[in-house]
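Here the structure is laid out as C-alpha cells; the discussion comes afterwards.
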Amino acid sequence: MPELPEVEVVRRGLQRFVVGRTIASVQVYHPRAIRRHLAGADHFVAVLAGRRVLAARRRGKYLWLPLDSGNALLAHLGMSGQLLVLADAAPDGPHLRARFRFTDGAAELRFVDQRTFGGLDVEPLLPGEDVPVSVRHIARDPLDALFDDAAFGTAIRRRQTGVKRALLDQTLVSGIGNIYADEALWRARLHFARPTETLNRPEIGRLLSAVRAVMTLALEQGGTSFDSLYVNVNGESGYFDRSLSAYGRRDRPCPRCGTPIRRDVFMNRSSFSCPRCQPRPRRARY
DNA sequence: CACTCAACCTGCCGGC
DNA sequence: TGCCGGCAGGTTGAGT
C-alpha cells in the first residue's frame, strides 16, 4: 500500500492492534520479503522472538515498530504489501510472506505481498535521531510537525528539474507518490514539468498546502484503493478514489473547469493533469 | 548532481 | 479460448 496516507492508515492499525504485545514466533515464507535483512531469515526470526513492540512509527512510506531490544522491525510496503491483523484460523492467502504470532494468543500479524517489492528487516535505531538506519536518507514528510517549509522552499528552488520529479524525490520530501503528486499539482494549478528554479514563494506555499490538504482528506477516507490490494490492517479498502480530481481520470472533465483531463507519459509512468488549469510551461523541464 | 533505463515481481485488462 | 502487450500505488543501482 504505497503512499503516505495509505501507510499511515496501516500505522494506525498497528498502533491499535500490535503495540504493547510480545512476539512469540515468526515464520518467513518467501526470502525476498526479508532481502534487506542481510543476516538472513534465521537471524530475522531469532532476533524478533520474545521482543515486545513499543510503538508504531512512520516517515514517508516507511513504517517501523520500535522493540524493547532497542532495534526496530522496519517495513516498506512497496507496490502491493499489506500488513494484516487476522485470527490465527483465517486461511492463508497465496501471497503470504511472513507471519508473526504473539504471546497473548490473540490475532496474528501477517505480511502479504503479491509483487514482492515490499520488504521487512530488523535494524538499529539511530541514536538521537530515533529513525532506523535505512530511513536516514529519507526527508521528513509534509505531515511531520518538524517539516521545515522554508528549508524545503530553498531546497526545491536549488534543484534543476521539473516540479513533479522533485515531489517524487524522497530525499527532498517523503511520502508523495504518483497519485498524490498529480492531485497536489492539480490543486496548486502547476504543470508537472514546471522548472523548480522558477517557482516563487507563493507557488511553493500553494504546493505544500495542496499536498497537505489532499493527504489529509485521503487519510480521513481511509486512503486510496482502486482494488483489494490496498487495505488497512483489517483488510478494508479506503474510498478516496472517489474524490480524485485528476489521477486516473483521463478524458473525464476537470472538476474545476470541465476541460478533459489529459494523460502524459512522464518518468515511464502516467501523469494526469488539466490542460487548461495546468498549462505546459514555455520552458518545460522533465 | 541530473537524468534515463533496467531490474525486481504478479496479475489484470483489452485487443486480436 | 488464448496469447501478447501494456499497465499498476515504489525503490535502487548502473551508466551517461
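Just remember, in the C-alpha cells the first chain shown is A, the second B, etc., residues are 1-based per chain, and ligands are 1-based in the order shown.
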
Review point. Quick one: which residues from chain B are at most 10 Å off chain A, using only C-alpha atoms (C1' of nucleotides), as a PyMOL selection string?
Key: chain B and resi 1-5+8-11

Check your understanding: Can you list every residue in stretch 54-231 of chain A that DSSP puts in strand (DSSP E), as an NGL selection string?
Key -> :A and (57-59 or 62-66 or 71-76 or 81-86 or 96-102 or 108-113 or 119-124)

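Every protein, DNA or RNA residue with an atom at most 12 Å from B:DC16, where only C-alpha atoms (C1' of nucleotides) count and chain neighbours fewer than 3 positions away do not, is listed here: DG2, DC3, DC4 and DG5 of chain C.
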
Pull all heavy atoms from the residues just selected and write them as a compact mmCIF listing (two decimals), in the first residue's frame.
```
# COMPACT_ATOMS: atom_id res chain seq x y z
P DG C 2 -7.99 -21.61 -22.80
OP1 DG C 2 -7.43 -22.96 -22.58
OP2 DG C 2 -8.38 -20.77 -21.66
O5' DG C 2 -6.98 -20.78 -23.70
C5' DG C 2 -6.65 -21.26 -25.00
C4' DG C 2 -5.65 -20.31 -25.61
O4' DG C 2 -6.34 -19.13 -26.11
C3' DG C 2 -4.61 -19.80 -24.62
O3' DG C 2 -3.37 -19.66 -25.28
C2' DG C 2 -5.14 -18.44 -24.22
C1' DG C 2 -5.73 -17.99 -25.56
N9 DG C 2 -6.73 -16.95 -25.46
C8 DG C 2 -7.77 -16.86 -24.55
N7 DG C 2 -8.52 -15.80 -24.74
C5 DG C 2 -7.95 -15.16 -25.83
C6 DG C 2 -8.32 -13.97 -26.48
O6 DG C 2 -9.26 -13.21 -26.23
N1 DG C 2 -7.47 -13.67 -27.54
C2 DG C 2 -6.40 -14.44 -27.92
N2 DG C 2 -5.68 -14.00 -28.95
N3 DG C 2 -6.04 -15.55 -27.32
C4 DG C 2 -6.86 -15.86 -26.28
P DC C 3 -2.01 -19.88 -24.56
OP1 DC C 3 -1.54 -21.24 -24.88
OP2 DC C 3 -2.18 -19.46 -23.15
O5' DC C 3 -1.08 -18.84 -25.30
C5' DC C 3 -1.15 -18.71 -26.71
C4' DC C 3 -0.90 -17.27 -27.08
O4' DC C 3 -2.11 -16.49 -26.88
C3' DC C 3 0.19 -16.60 -26.26
O3' DC C 3 1.17 -16.09 -27.14
C2' DC C 3 -0.53 -15.51 -25.48
C1' DC C 3 -1.74 -15.24 -26.35
N1 DC C 3 -2.92 -14.71 -25.63
C2 DC C 3 -3.53 -13.52 -26.08
O2 DC C 3 -3.05 -12.94 -27.05
N3 DC C 3 -4.62 -13.04 -25.43
C4 DC C 3 -5.12 -13.71 -24.38
N4 DC C 3 -6.19 -13.21 -23.78
C5 DC C 3 -4.52 -14.92 -23.90
C6 DC C 3 -3.43 -15.38 -24.55
P DC C 4 2.46 -15.31 -26.63
OP1 DC C 4 3.57 -15.54 -27.58
OP2 DC C 4 2.63 -15.64 -25.19
O5' DC C 4 1.97 -13.82 -26.75
C5' DC C 4 1.58 -13.27 -28.01
C4' DC C 4 1.54 -11.78 -27.87
O4' DC C 4 0.29 -11.42 -27.23
C3' DC C 4 2.66 -11.24 -26.97
O3' DC C 4 3.18 -10.04 -27.50
C2' DC C 4 1.98 -11.05 -25.64
C1' DC C 4 0.55 -10.68 -26.05
N1 DC C 4 -0.47 -11.04 -25.03
C2 DC C 4 -1.60 -10.24 -24.90
O2 DC C 4 -1.73 -9.27 -25.65
N3 DC C 4 -2.53 -10.56 -23.97
C4 DC C 4 -2.36 -11.63 -23.19
N4 DC C 4 -3.29 -11.91 -22.28
C5 DC C 4 -1.21 -12.46 -23.31
C6 DC C 4 -0.30 -12.14 -24.24
P DG C 5 4.48 -9.37 -26.82
OP1 DG C 5 5.61 -9.41 -27.77
OP2 DG C 5 4.64 -9.92 -25.46
O5' DG C 5 3.99 -7.87 -26.70
C5' DG C 5 3.13 -7.32 -27.69
C4' DG C 5 2.35 -6.18 -27.08
O4' DG C 5 1.32 -6.69 -26.20
C3' DG C 5 3.21 -5.23 -26.24
O3' DG C 5 2.82 -3.90 -26.53
C2' DG C 5 2.88 -5.64 -24.80
C1' DG C 5 1.43 -6.09 -24.92
N9 DG C 5 1.01 -7.07 -23.93
C8 DG C 5 1.69 -8.21 -23.54
N7 DG C 5 1.04 -8.92 -22.65
C5 DG C 5 -0.12 -8.20 -22.43
C6 DG C 5 -1.21 -8.47 -21.57
O6 DG C 5 -1.37 -9.42 -20.80
N1 DG C 5 -2.19 -7.49 -21.64
C2 DG C 5 -2.13 -6.39 -22.46
N2 DG C 5 -3.16 -5.54 -22.41
N3 DG C 5 -1.12 -6.12 -23.28
C4 DG C 5 -0.15 -7.07 -23.21
```

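Any residue of chain C with an atom within 8 Å of chain A counts; using only C-alpha atoms (C1' of nucleotides), that gives C:DG9, C:DG10, C:DT11.
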
Practice item. Output as a ChimeraX atom specification all residues of stretch 57-263 of chain A that backbone DSSP marks as helix (DSSP H, G or I). Key: /A:133-135,149-158,163-168,178-188,196-198,201-220,240-243

Exercise for review: Find the spatial neighbours of stretch 243-250 of chain A, counting only C-alpha atoms (C1' of nucleotides), within a cut-off of 9 Å - ignore same-chain residues fewer than 2 positions away - and output them as a PyMOL selection string.
Suggested key: chain A and resi 178-180+182-183+186-187+217-218+224+239-241+252-256+260-263+270-274

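Straight-line separation from atom CA of A:Gly223 to atom CA of A:Leu4: 8.8 Å.
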
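In this structure, atom CA of A:Pro142 sits 6.4 Å away from atom CA of A:Arg212.
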
Point to revise | Shell of 7 Å around A:Ala24, only C-alpha atoms (C1' of nucleotides), local chain residues under 3 positions omitted, as a PyMOL selection string | key: chain A and resi 49-50+101-103

**Study point:** Separation of atom CA of A:Val173 from atom CA of A:Gly205, in Å and rounded to one decimal
**Key:** 14.0 Å
